[in-house]
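Structure file start-v6.cif (mmCIF, C-alpha atoms and all ligand atoms) follows.
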```
data_upload
#
loop_
_atom_site.label_atom_id
_atom_site.label_comp_id
_atom_site.auth_asym_id
_atom_site.auth_seq_id
_atom_site.Cartn_x
_atom_site.Cartn_y
_atom_site.Cartn_z
CA MET W 142 85.16 187.36 138.42
CA ARG W 143 82.02 189.12 137.19
CA ALA W 144 80.22 191.80 139.20
CA LEU W 145 77.46 194.31 138.48
CA VAL W 146 79.10 197.73 138.66
CA PHE W 147 77.28 201.07 139.09
CA ARG W 148 79.15 203.84 137.26
CA GLY W 149 76.52 206.57 137.42
CA PRO W 150 72.82 207.12 136.72
CA MET W 151 71.58 204.47 134.25
CA GLN W 152 75.12 203.12 133.93
CA LEU W 153 74.97 199.60 135.32
CA ALA W 154 76.90 196.75 133.68
CA TRP W 155 78.54 193.41 134.42
CA GLU W 156 82.32 193.88 134.48
CA ASP W 157 85.40 191.84 135.27
CA VAL W 158 86.68 192.78 138.74
CA PRO W 159 89.36 191.27 141.03
CA THR W 160 88.25 188.03 142.73
CA PRO W 161 88.15 188.44 146.53
CA GLU W 162 90.37 186.25 148.68
CA ILE W 163 90.64 185.29 152.33
CA VAL W 164 92.79 188.01 153.89
CA ASP W 165 91.93 187.55 157.58
CA PRO W 166 91.36 184.39 159.66
CA ARG W 167 87.76 185.51 160.40
CA ASP W 168 86.89 185.86 156.69
CA ALA W 169 84.55 183.70 154.65
CA LEU W 170 84.05 183.73 150.90
CA VAL W 171 80.39 183.45 149.97
CA ARG W 172 78.88 182.74 146.57
CA PRO W 173 75.55 184.62 146.33
CA LEU W 174 72.60 182.36 145.47
CA ALA W 175 69.73 184.86 145.68
CA VAL W 176 69.98 188.64 146.01
CA ALA W 177 66.91 190.75 146.77
CA ARG W 178 66.68 194.25 145.35
CA CYS W 179 66.66 196.75 148.20
CA ASP W 180 64.11 199.56 147.94
CA LEU W 181 67.05 201.94 147.69
CA ASP W 182 68.65 200.18 144.70
CA PRO W 183 66.37 201.49 141.92
CA ALA W 184 66.78 205.03 143.26
CA ILE W 185 70.56 204.62 143.11
CA ALA W 186 70.42 203.11 139.61
CA LEU W 187 68.22 205.92 138.30
CA GLY W 188 70.30 208.66 139.95
CA LEU W 189 67.45 209.75 142.26
CA TYR W 190 69.64 208.99 145.29
CA PRO W 191 73.07 210.30 144.30
CA MET W 192 75.99 208.04 145.24
CA PRO W 193 79.69 208.38 144.37
CA ALA W 194 80.58 205.79 141.70
CA PRO W 195 81.85 203.26 140.86
CA PHE W 196 80.87 200.38 143.12
CA VAL W 197 79.44 196.87 142.96
CA VAL W 198 75.72 196.82 143.84
CA GLY W 199 73.50 194.39 145.74
CA HIS W 200 73.27 193.97 149.51
CA GLU W 201 70.37 191.64 150.44
CA MET W 202 72.08 188.28 150.09
CA VAL W 203 71.65 184.60 150.75
CA GLY W 204 74.64 182.56 149.63
CA GLU W 205 76.77 179.47 149.94
CA VAL W 206 80.06 179.43 151.83
CA VAL W 207 82.89 178.39 149.52
CA ALA W 208 85.97 179.05 151.68
CA VAL W 209 86.74 180.08 155.26
CA GLY W 210 89.65 181.35 157.32
CA ASP W 211 90.69 179.33 160.35
CA GLN W 212 88.81 181.62 162.82
CA ALA W 213 85.56 181.98 160.87
CA GLY W 214 83.44 180.18 163.44
CA PRO W 215 81.42 177.08 162.66
CA TRP W 216 81.02 177.72 158.93
CA ARG W 217 82.21 175.24 156.36
CA PRO W 218 82.16 175.18 152.55
CA GLY W 219 78.68 174.22 151.37
CA ASP W 220 76.84 175.92 154.26
CA ARG W 221 73.99 178.15 153.13
CA VAL W 222 73.89 181.49 154.93
CA ILE W 223 71.99 184.76 155.29
CA VAL W 224 74.31 187.78 155.26
CA PRO W 225 73.04 190.94 157.08
CA PHE W 226 74.03 193.89 154.90
CA GLN W 227 75.83 196.06 157.46
CA LEU W 228 79.30 195.10 158.65
CA SER W 229 79.37 194.53 162.42
CA CYS W 230 82.18 193.05 164.49
CA GLY W 231 79.93 191.52 167.16
CA ARG W 232 82.36 192.51 169.90
CA CYS W 233 82.38 196.29 170.40
CA ASP W 234 80.01 198.01 172.85
CA ALA W 235 77.62 199.10 170.07
CA CYS W 236 77.42 195.60 168.57
CA ARG W 237 76.88 194.03 172.00
CA ARG W 238 74.02 196.48 172.66
CA GLY W 239 72.42 195.34 169.40
CA HIS W 240 73.26 198.60 167.64
CA THR W 241 74.78 196.66 164.78
CA ASN W 242 74.35 199.48 162.26
CA ALA W 243 76.82 201.50 164.28
CA CYS W 244 79.74 199.12 164.84
CA GLU W 245 82.53 201.16 166.41
CA LEU W 246 85.27 199.48 164.35
CA VAL W 247 84.08 200.67 160.93
CA ALA W 248 82.93 203.95 159.39
CA PRO W 249 79.19 204.72 159.66
CA GLY W 250 77.22 203.07 156.86
CA THR W 251 79.79 200.38 156.08
CA ALA W 252 77.83 197.74 154.18
CA PHE W 253 77.83 195.52 151.14
CA GLY W 254 76.71 197.00 147.82
CA LEU W 255 76.67 200.66 148.83
CA GLY W 256 80.18 201.76 147.90
CA PRO W 257 83.34 202.27 149.97
CA HIS W 258 83.07 203.64 153.51
CA GLY W 259 86.27 204.92 155.04
CA ASP W 260 88.95 202.59 153.75
CA VAL W 261 86.60 199.59 153.48
CA ASP W 262 85.02 198.51 150.18
CA LEU W 263 83.16 195.24 150.73
CA GLY W 264 81.98 194.96 147.12
CA GLY W 265 78.41 193.89 146.48
CA ALA W 266 76.19 190.84 146.32
CA LEU W 267 75.56 190.96 142.58
CA ALA W 268 78.85 189.23 141.97
CA ASP W 269 80.27 185.75 141.58
CA LEU W 270 81.85 185.90 145.04
CA VAL W 271 81.80 188.11 148.16
CA ARG W 272 84.31 188.32 151.01
CA VAL W 273 82.52 188.51 154.36
CA PRO W 274 84.76 189.81 157.18
CA TRP W 275 84.09 188.68 160.77
CA ALA W 276 82.20 185.70 159.38
CA ASP W 277 82.09 184.04 162.81
CA VAL W 278 79.47 186.65 163.81
CA MET W 279 78.31 188.00 160.43
CA LEU W 280 76.58 184.90 159.06
CA ILE W 281 73.25 183.30 159.95
CA GLY W 282 72.57 179.73 158.86
CA LEU W 283 69.76 179.33 156.31
CA PRO W 284 67.36 176.76 157.79
CA ASP W 285 66.90 173.58 155.76
CA GLY W 286 63.96 173.83 153.40
CA LEU W 287 63.84 177.65 153.34
CA ASP W 288 64.06 178.89 149.75
CA PRO W 289 66.98 181.34 149.32
CA VAL W 290 64.65 183.51 147.18
CA VAL W 291 62.16 183.86 150.04
CA ALA W 292 64.91 184.58 152.58
CA ALA W 293 66.87 187.01 150.40
CA GLY W 294 65.20 190.14 151.81
CA ILE W 295 65.89 189.26 155.45
CA PRO W 296 69.35 190.93 155.46
CA ASP W 297 67.70 194.35 155.08
CA ASN W 298 64.15 195.23 153.93
CA VAL W 299 62.15 192.50 155.72
CA SER W 300 64.00 193.30 158.94
CA ASP W 301 63.46 197.02 158.34
CA GLY W 302 59.70 196.49 158.10
CA TYR W 303 59.72 194.31 161.21
CA ARG W 304 61.55 196.76 163.46
CA CYS W 305 59.02 199.51 162.66
CA VAL W 306 56.24 197.59 164.39
CA ALA W 307 57.79 194.92 166.64
CA GLY W 308 58.99 197.23 169.42
CA PRO W 309 55.87 199.45 169.51
CA LEU W 310 53.54 196.41 169.41
CA ALA W 311 55.46 194.75 172.24
CA GLU W 312 54.64 197.85 174.35
CA ARG W 313 51.03 198.08 173.10
CA PRO W 314 49.94 194.50 172.26
CA GLY W 315 47.22 194.35 169.61
CA ALA W 316 47.33 198.09 168.87
CA PRO W 317 46.10 199.33 165.48
CA VAL W 318 48.88 200.13 163.00
CA LEU W 319 48.91 202.54 160.06
CA VAL W 320 51.54 202.22 157.33
CA ALA W 321 52.10 205.00 154.78
CA GLY W 322 53.52 203.08 151.81
CA GLY W 323 55.39 204.42 148.81
CA LEU W 324 59.02 204.89 147.86
CA ALA W 325 60.23 202.23 150.31
CA PRO W 326 57.76 199.85 148.64
CA SER W 327 58.74 196.49 150.10
CA VAL W 328 59.58 197.84 153.56
CA GLY W 329 56.07 199.28 153.93
CA LEU W 330 54.45 196.02 152.86
CA TYR W 331 56.73 193.99 155.14
CA ALA W 332 55.82 196.33 158.03
CA ALA W 333 52.13 195.63 157.38
CA MET W 334 52.78 191.88 157.10
CA CYS W 335 54.74 191.81 160.37
CA ALA W 336 52.11 193.92 162.19
CA ILE W 337 49.44 191.38 161.24
CA ALA W 338 51.66 188.48 162.32
CA LEU W 339 52.45 190.20 165.63
CA GLY W 340 48.77 190.54 166.51
CA SER W 341 47.73 194.08 165.58
CA GLU W 342 43.92 194.23 165.67
CA ARG W 343 43.77 196.53 162.63
CA VAL W 344 46.45 197.19 160.01
CA VAL W 345 45.73 200.03 157.61
CA TYR W 346 48.00 200.36 154.57
CA VAL W 347 47.77 203.70 152.72
CA ASP W 348 49.34 204.20 149.30
CA ASP W 349 48.64 205.56 145.81
CA ASP W 350 49.98 202.60 143.80
CA ASP W 351 47.58 199.91 142.58
CA THR W 352 50.06 197.01 142.69
CA ARG W 353 51.10 197.69 146.26
CA LEU W 354 47.53 198.29 147.41
CA ARG W 355 46.48 194.93 145.94
CA LEU W 356 49.40 193.18 147.63
CA ALA W 357 48.53 194.83 150.95
CA GLU W 358 44.95 193.64 150.67
CA ALA W 359 46.11 190.13 149.73
CA ILE W 360 48.21 189.83 152.89
CA GLY W 361 45.26 190.91 155.04
CA ALA W 362 45.71 194.65 155.50
CA GLU W 363 42.99 197.25 155.02
CA ALA W 364 44.18 198.96 151.83
CA ILE W 365 43.31 202.65 151.43
CA ASP W 366 43.96 204.54 148.17
CA ALA W 367 45.31 208.00 148.98
CA THR W 368 45.57 209.22 145.39
CA GLY W 369 44.94 212.97 145.46
CA ARG W 370 44.05 213.00 149.17
CA TRP W 371 47.16 212.27 151.18
CA HIS W 372 46.49 215.44 153.20
CA GLU W 373 43.12 214.29 154.52
CA VAL W 374 42.82 210.51 154.10
CA ASP W 375 43.28 209.95 157.84
CA ARG W 376 40.06 211.87 158.62
CA HIS W 377 38.06 208.94 157.30
CA LEU W 378 39.75 206.15 159.26
CA GLY W 379 37.70 206.57 162.44
CA THR W 380 40.59 206.29 164.87
CA ARG W 381 44.14 207.29 165.61
CA PHE W 382 46.89 204.71 165.63
CA PRO W 383 49.30 204.05 168.51
CA VAL W 384 51.77 202.76 165.89
CA THR W 385 52.43 204.41 162.53
CA VAL W 386 55.10 203.80 159.89
CA ASP W 387 56.35 206.19 157.24
CA ALA W 388 57.64 204.08 154.35
CA ASN W 389 56.43 206.67 151.85
CA VAL W 390 59.61 208.80 152.06
CA LEU W 391 57.93 211.94 150.65
CA ASP W 392 56.64 214.67 152.98
CA HIS W 393 52.95 213.86 152.38
CA GLY W 394 53.44 210.29 153.63
CA ARG W 395 55.50 211.29 156.65
CA ASP W 396 52.99 214.01 157.53
CA LEU W 397 50.15 211.47 157.32
CA ALA W 398 52.03 209.10 159.65
CA LEU W 399 52.55 211.96 162.14
CA ARG W 400 48.93 213.19 161.96
CA ALA W 401 47.47 209.68 162.27
CA VAL W 402 49.56 208.64 165.25
CA ALA W 403 47.66 208.57 168.55
CA PRO W 404 48.74 210.66 171.56
CA CYS W 405 51.84 209.09 173.15
CA GLY W 406 52.16 206.78 170.13
CA THR W 407 55.22 205.86 168.06
CA CYS W 408 55.87 206.92 164.48
CA THR W 409 58.84 205.32 162.68
CA SER W 410 60.35 206.67 159.47
CA VAL W 411 62.42 204.27 157.39
CA SER W 412 64.22 207.00 155.47
CA GLY W 413 65.53 210.50 155.97
CA GLY W 414 63.19 211.87 153.31
CA ALA W 415 63.94 212.94 149.76
CA GLN W 416 65.88 216.08 150.69
CA ARG W 417 68.91 216.64 152.86
CA THR W 418 66.90 218.77 155.28
CA SER W 419 63.23 218.67 156.09
CA SER W 420 60.74 220.41 158.36
CA LEU W 421 58.75 218.55 161.00
CA PRO W 422 55.52 219.73 162.72
CA LEU W 423 57.35 219.76 166.06
CA GLN W 424 54.74 221.76 167.96
CA GLN W 425 51.98 219.33 166.97
CA MET W 426 54.27 216.42 167.88
CA TYR W 427 55.12 217.98 171.24
CA LEU W 428 51.52 218.67 172.21
CA LYS W 429 50.46 215.15 171.26
CA GLY W 430 53.51 213.48 172.74
CA VAL W 431 54.80 211.60 169.71
CA ARG W 432 57.79 209.31 169.91
CA TYR W 433 59.45 209.76 166.52
CA GLU W 434 61.89 206.99 165.60
CA ILE W 435 64.20 207.59 162.67
CA GLY W 436 67.35 205.75 161.63
CA ARG W 437 68.63 202.70 159.86
CA VAL W 438 67.69 199.17 160.82
CA HIS W 439 70.13 197.19 162.95
CA ALA W 440 70.38 194.43 160.37
CA MET W 441 72.24 191.73 162.30
CA ALA W 442 70.39 192.28 165.57
CA THR W 443 67.00 192.18 163.82
CA ALA W 444 67.51 189.35 161.34
CA GLY W 445 67.30 186.59 163.98
CA PRO W 446 63.78 187.40 165.27
CA VAL W 447 62.63 187.93 161.68
CA LEU W 448 63.98 184.54 160.64
CA ASP W 449 62.03 183.01 163.54
CA LEU W 450 58.82 184.52 162.14
CA VAL W 451 59.63 183.14 158.69
CA THR W 452 60.47 179.62 159.86
CA SER W 453 57.34 179.48 162.03
CA ARG W 454 55.35 180.56 158.94
CA ALA W 455 53.98 183.61 160.73
CA ILE W 456 55.19 185.67 157.77
CA ASP W 457 56.02 184.73 154.18
CA PRO W 458 58.26 187.39 152.60
CA GLY W 459 57.78 185.62 149.26
CA ARG W 460 54.24 187.02 149.01
CA ILE W 461 55.65 190.48 148.29
CA ILE W 462 58.08 189.31 145.58
CA THR W 463 56.69 190.36 142.19
CA ARG W 464 59.58 189.22 139.97
CA THR W 465 62.50 186.84 140.05
CA ALA W 466 65.21 187.56 137.51
CA SER W 467 68.48 185.86 136.62
CA PHE W 468 71.76 187.68 137.27
CA ASP W 469 71.96 188.25 133.49
CA GLU W 470 68.61 190.09 133.61
CA ALA W 471 69.66 192.25 136.56
CA VAL W 472 70.33 195.48 134.62
CA ASP W 473 66.77 195.58 133.34
CA ALA W 474 65.15 194.15 136.47
CA MET W 475 66.94 196.70 138.70
CA VAL W 476 64.40 199.32 137.57
CA ASP W 477 61.37 197.01 137.35
CA PRO W 478 58.38 198.97 138.76
CA GLY W 479 57.20 196.12 141.05
CA PRO W 480 57.84 196.40 144.79
CA LYS W 481 60.23 193.47 145.20
CA VAL W 482 62.59 191.80 142.76
CA VAL W 483 64.92 188.92 143.62
CA PHE W 484 67.92 188.13 141.42
CA VAL W 485 68.75 184.44 141.22
CA ASN W 486 72.29 183.32 140.51
CA ASP W 487 71.96 180.65 137.83
CA ARG W 488 75.63 180.76 136.87
CA THR W 489 77.72 177.72 137.75
ZN ZN W 501 69.05 198.41 151.60
ZN ZN W 502 81.20 196.26 166.41
#
```

Please, can you express the file's structure as structure tokens?
Ligand SMILES: [Zn+2]
Ligand SMILES: [Zn+2]
Amino acid sequence: MRALVFRGPMQLAWEDVPTPEIVDPRDALVRPLAVARCDLDPAIALGLYPMPAPFVVGHEMVGEVVAVGDQAGPWRPGDRVIVPFQLSCGRCDACRRGHTNACELVAPGTAFGLGPHGDVDLGGALADLVRVPWADVMLIGLPDGLDPVVAAGIPDNVSDGYRCVAGPLAERPGAPVLVAGGLAPSVGLYAAMCAIALGSERVVYVDDDDTRLRLAEAIGAEAIDATGRWHEVDRHLGTRFPVTVDANVLDHGRDLALRAVAPCGTCTSVSGGAQRTSSLPLQQMYLKGVRYEIGRVHAMATAGPVLDLVTSRAIDPGRIITRTASFDEAVDAMVDPGPKVVFVNDRT
């Protein structure tokens, strides 16, 4: 079969690779229909986020079941499904707690489209076919009438944006939210979109990119251009925010999110920053009493509530999508500067 293989910075090409097969009774084979580009994918493709190569890319996937093992749950060929990107067994203590990014049966980080982890290489979604282990618990039915393109980001980035604000807003209903946008471009916009849907009285989106600022304004956020003034933009906002989100990734965005957070508020970072180590203003955080959340989304545990918001039309992830591209256009579209690209499988 054909798959899009990453072999190093700027070395992305469709190649012939072995076709996956059912090897366990809980397996399903899924044909990807729509694959959203994760915010991390362009950084991998460009070599800005070094990853050992080679591997098949793509991990935000909606697809069609084409074959199942005899213990793969209710799924049948022809079913359309959302596939959360991290592998989780659904049965270990971590999975049962909802910590589905930390399944105890696989190595940390085991996921589609991000290379081998331990002895598991799941392949990626930009491929003719994907084997999904533990399909009885790993698949979510795509509701009738929901466009696979719109749903394609739910397996990762839409859910990532949601979790930044859903928990803190449940504790502080209606609280103002500040999002520092940037190098996690779609996650920041999805966080703003979810905050509005979840009832925040004021959602401020700060960024230095015109396209993203316009999108933020279009979805109802207060868009603030921080070009040249990341270090002081919060002085002009008139309040501090019980909920802040760092989707900027660079230090100036994280520092803004930490300065702007209100005493006893929650700041969530959706990345570990651009360097392996980083310095935090711990004394300032201690004196103010900041709850700093950092870590990967629990994709499976979060996708369900997010899908509920989509099907009830409280959020429309499609409003952030700036380009749809065919699988054949994926090499070029992988580094498209827009915040969200979805690859559509038009191969038969
Ligand atoms: Zn991702
Ligand atoms: Zn597990």

Given all atoms listed in the file as the counted atoms, nearest of W:Ala184, W:Val374, W:Val438, W:Val386 to His240 in chain W: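 Checking each of W:Ala184, W:Val374, W:Val438, W:Val386 against His240 in chain W, counting all atoms listed in the file, the winner is W:Val438.
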
Exercise answer, 10 Å around ligand ZN 502 (chain W) with only C-alpha atoms and all ligand atoms, as a list in words: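 Protein and nucleic-acid residues within 10 Å of ligand ZN 502 (chain W): Leu228, Ser229, Cys230, Gly231, Arg232, Cys233, Asp234, Ala235, Cys236, Arg237, Arg238, Gly239, His240, Thr241, Asn242, Ala243, Cys244, Glu245, Leu246, Val247 and Trp275 of chain W.
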
From W:Ala154, W:Leu187, W:Ala362, W:Val411, residue lying nearest Ser300 in chain W [only C-alpha atoms]: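 Closest candidate: W:Val411.
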
Atom pair CA of Thr385 in chain W / CA of Val451 in chain W: separation (Å): 22.8 Å

Spatial neighbours of Arg167 in chain W, max dist 9 Å, all atoms listed in the file, sep filter under 5 positions, as a ChimeraX atom specification: /W:209-214,273-277

Export, as an mmCIF file, keeping the file's coordinate frame, the selected residues with C-alpha atoms.
```cif
data_model
loop_
_atom_site.group_PDB
_atom_site.id
_atom_site.type_symbol
_atom_site.label_atom_id
_atom_site.label_comp_id
_atom_site.auth_asym_id
_atom_site.auth_seq_id
_atom_site.Cartn_x
_atom_site.Cartn_y
_atom_site.Cartn_z
ATOM 1 C CA VAL W 209 86.740 180.080 155.260
ATOM 2 C CA GLY W 210 89.650 181.350 157.320
ATOM 3 C CA ASP W 211 90.690 179.330 160.350
ATOM 4 C CA GLN W 212 88.810 181.620 162.820
ATOM 5 C CA ALA W 213 85.560 181.980 160.870
ATOM 6 C CA GLY W 214 83.440 180.180 163.440
ATOM 7 C CA VAL W 273 82.520 188.510 154.360
ATOM 8 C CA PRO W 274 84.760 189.810 157.180
ATOM 9 C CA TRP W 275 84.090 188.680 160.770
ATOM 10 C CA ALA W 276 82.200 185.700 159.380
ATOM 11 C CA ASP W 277 82.090 184.040 162.810
#
```

Point (57.2, 191.6, 142.7) neighbourhood (6 Å, all atoms listed in the file) written as a list of chain:residue names: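 Within the cut-off we find W:Ile461, W:Ile462, W:Thr463, W:Arg464, W:Gly479, W:Pro480, W:Lys481, W:Val482.
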
Protein and nucleic acid residues within 8 Å of ligand ZN 501 (chain W) (only C-alpha atoms and all ligand atoms) as a PyMOL selection string: chain W and resi 178-182+200-201+226+297-298

Among the residues W:Val390, W:Leu399, W:Leu354, W:Ala248, the one that comes closest to Leu421 in chain W [using only C-alpha atoms]: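 The answer is W:Leu399, which sits nearest to Leu421 in chain W.
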
Within 10 Å of Leu255 in chain W using only C-alpha atoms, minus same-chain residues under 5 positions, as a ChimeraX atom specification: /W:147,181-182,185,192-200,226-227,250,262-265

Identify, on the basis of all atoms listed in the file, every residue whose closest approach to Leu378 in chain W does not exceed 12 Å; exclude the query and any residue fewer than 2 positions from it along the same chain; express the result as an mmCIF file with C-alpha atoms, in the frame of the given file.
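The resulting file, around.cif, is shown below:
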```cif
data_model
loop_
_atom_site.group_PDB
_atom_site.id
_atom_site.type_symbol
_atom_site.label_atom_id
_atom_site.label_comp_id
_atom_site.auth_asym_id
_atom_site.auth_seq_id
_atom_site.Cartn_x
_atom_site.Cartn_y
_atom_site.Cartn_z
ATOM 1 C CA PRO W 317 46.100 199.330 165.480
ATOM 2 C CA VAL W 318 48.880 200.130 163.000
ATOM 3 C CA LEU W 319 48.910 202.540 160.060
ATOM 4 C CA ARG W 343 43.770 196.530 162.630
ATOM 5 C CA VAL W 344 46.450 197.190 160.010
ATOM 6 C CA VAL W 345 45.730 200.030 157.610
ATOM 7 C CA TYR W 346 48.000 200.360 154.570
ATOM 8 C CA VAL W 347 47.770 203.700 152.720
ATOM 9 C CA GLU W 363 42.990 197.250 155.020
ATOM 10 C CA ALA W 364 44.180 198.960 151.830
ATOM 11 C CA ILE W 365 43.310 202.650 151.430
ATOM 12 C CA ASP W 366 43.960 204.540 148.170
ATOM 13 C CA ALA W 367 45.310 208.000 148.980
ATOM 14 C CA GLU W 373 43.120 214.290 154.520
ATOM 15 C CA VAL W 374 42.820 210.510 154.100
ATOM 16 C CA ASP W 375 43.280 209.950 157.840
ATOM 17 C CA ARG W 376 40.060 211.870 158.620
ATOM 18 C CA THR W 380 40.590 206.290 164.870
ATOM 19 C CA ARG W 381 44.140 207.290 165.610
ATOM 20 C CA PHE W 382 46.890 204.710 165.630
ATOM 21 C CA LEU W 397 50.150 211.470 157.320
ATOM 22 C CA ARG W 400 48.930 213.190 161.960
ATOM 23 C CA ALA W 401 47.470 209.680 162.270
ATOM 24 C CA VAL W 402 49.560 208.640 165.250
#
```

Counting only C-alpha atoms, the residue of W:Thr352, W:Cys405, W:Leu450, W:Thr418 that sits nearest Gly430 in chain W: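 Closest residue, counting only C-alpha atoms: W:Cys405.
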
One-decimal distance in Å that lies between CA of Gly254 in chain W and CA of Val207 in chain W: 19.7 Å

Atomic distance CA of Leu391 in chain W - CA of Leu324 in chain W, expressed in Å with one decimal: 7.7 Å

Residue nearest Arg143 in chain W among W:Ala268, W:Val328, W:Leu339, W:Ala292 (counting all atoms listed in the file): W:Ala268

Who sits within 8 Å of Gly204 in chain W, only C-alpha atoms, same chain under 2 positions skipped, as a list in words: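 The neighbour list is Val171, Arg172, Pro173, Leu174, Ala175, Met202, Val206, Arg221, Val222, Ile223, Val224 and Pro289 of chain W.
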
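Among W:Asp260, W:Asp487, W:Asp157, W:Glu162, the residue with the shortest atom-to-atom distance to Ser467 in chain W, counting only C-alpha atoms, is W:Asp487.
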
Shell of 10 Å around Ala471 in chain W, all atoms listed in the file, local chain residues under 4 positions omitted, as a ChimeraX atom specification: /W:145,153-155,178,267,465-467,475-477,482-485
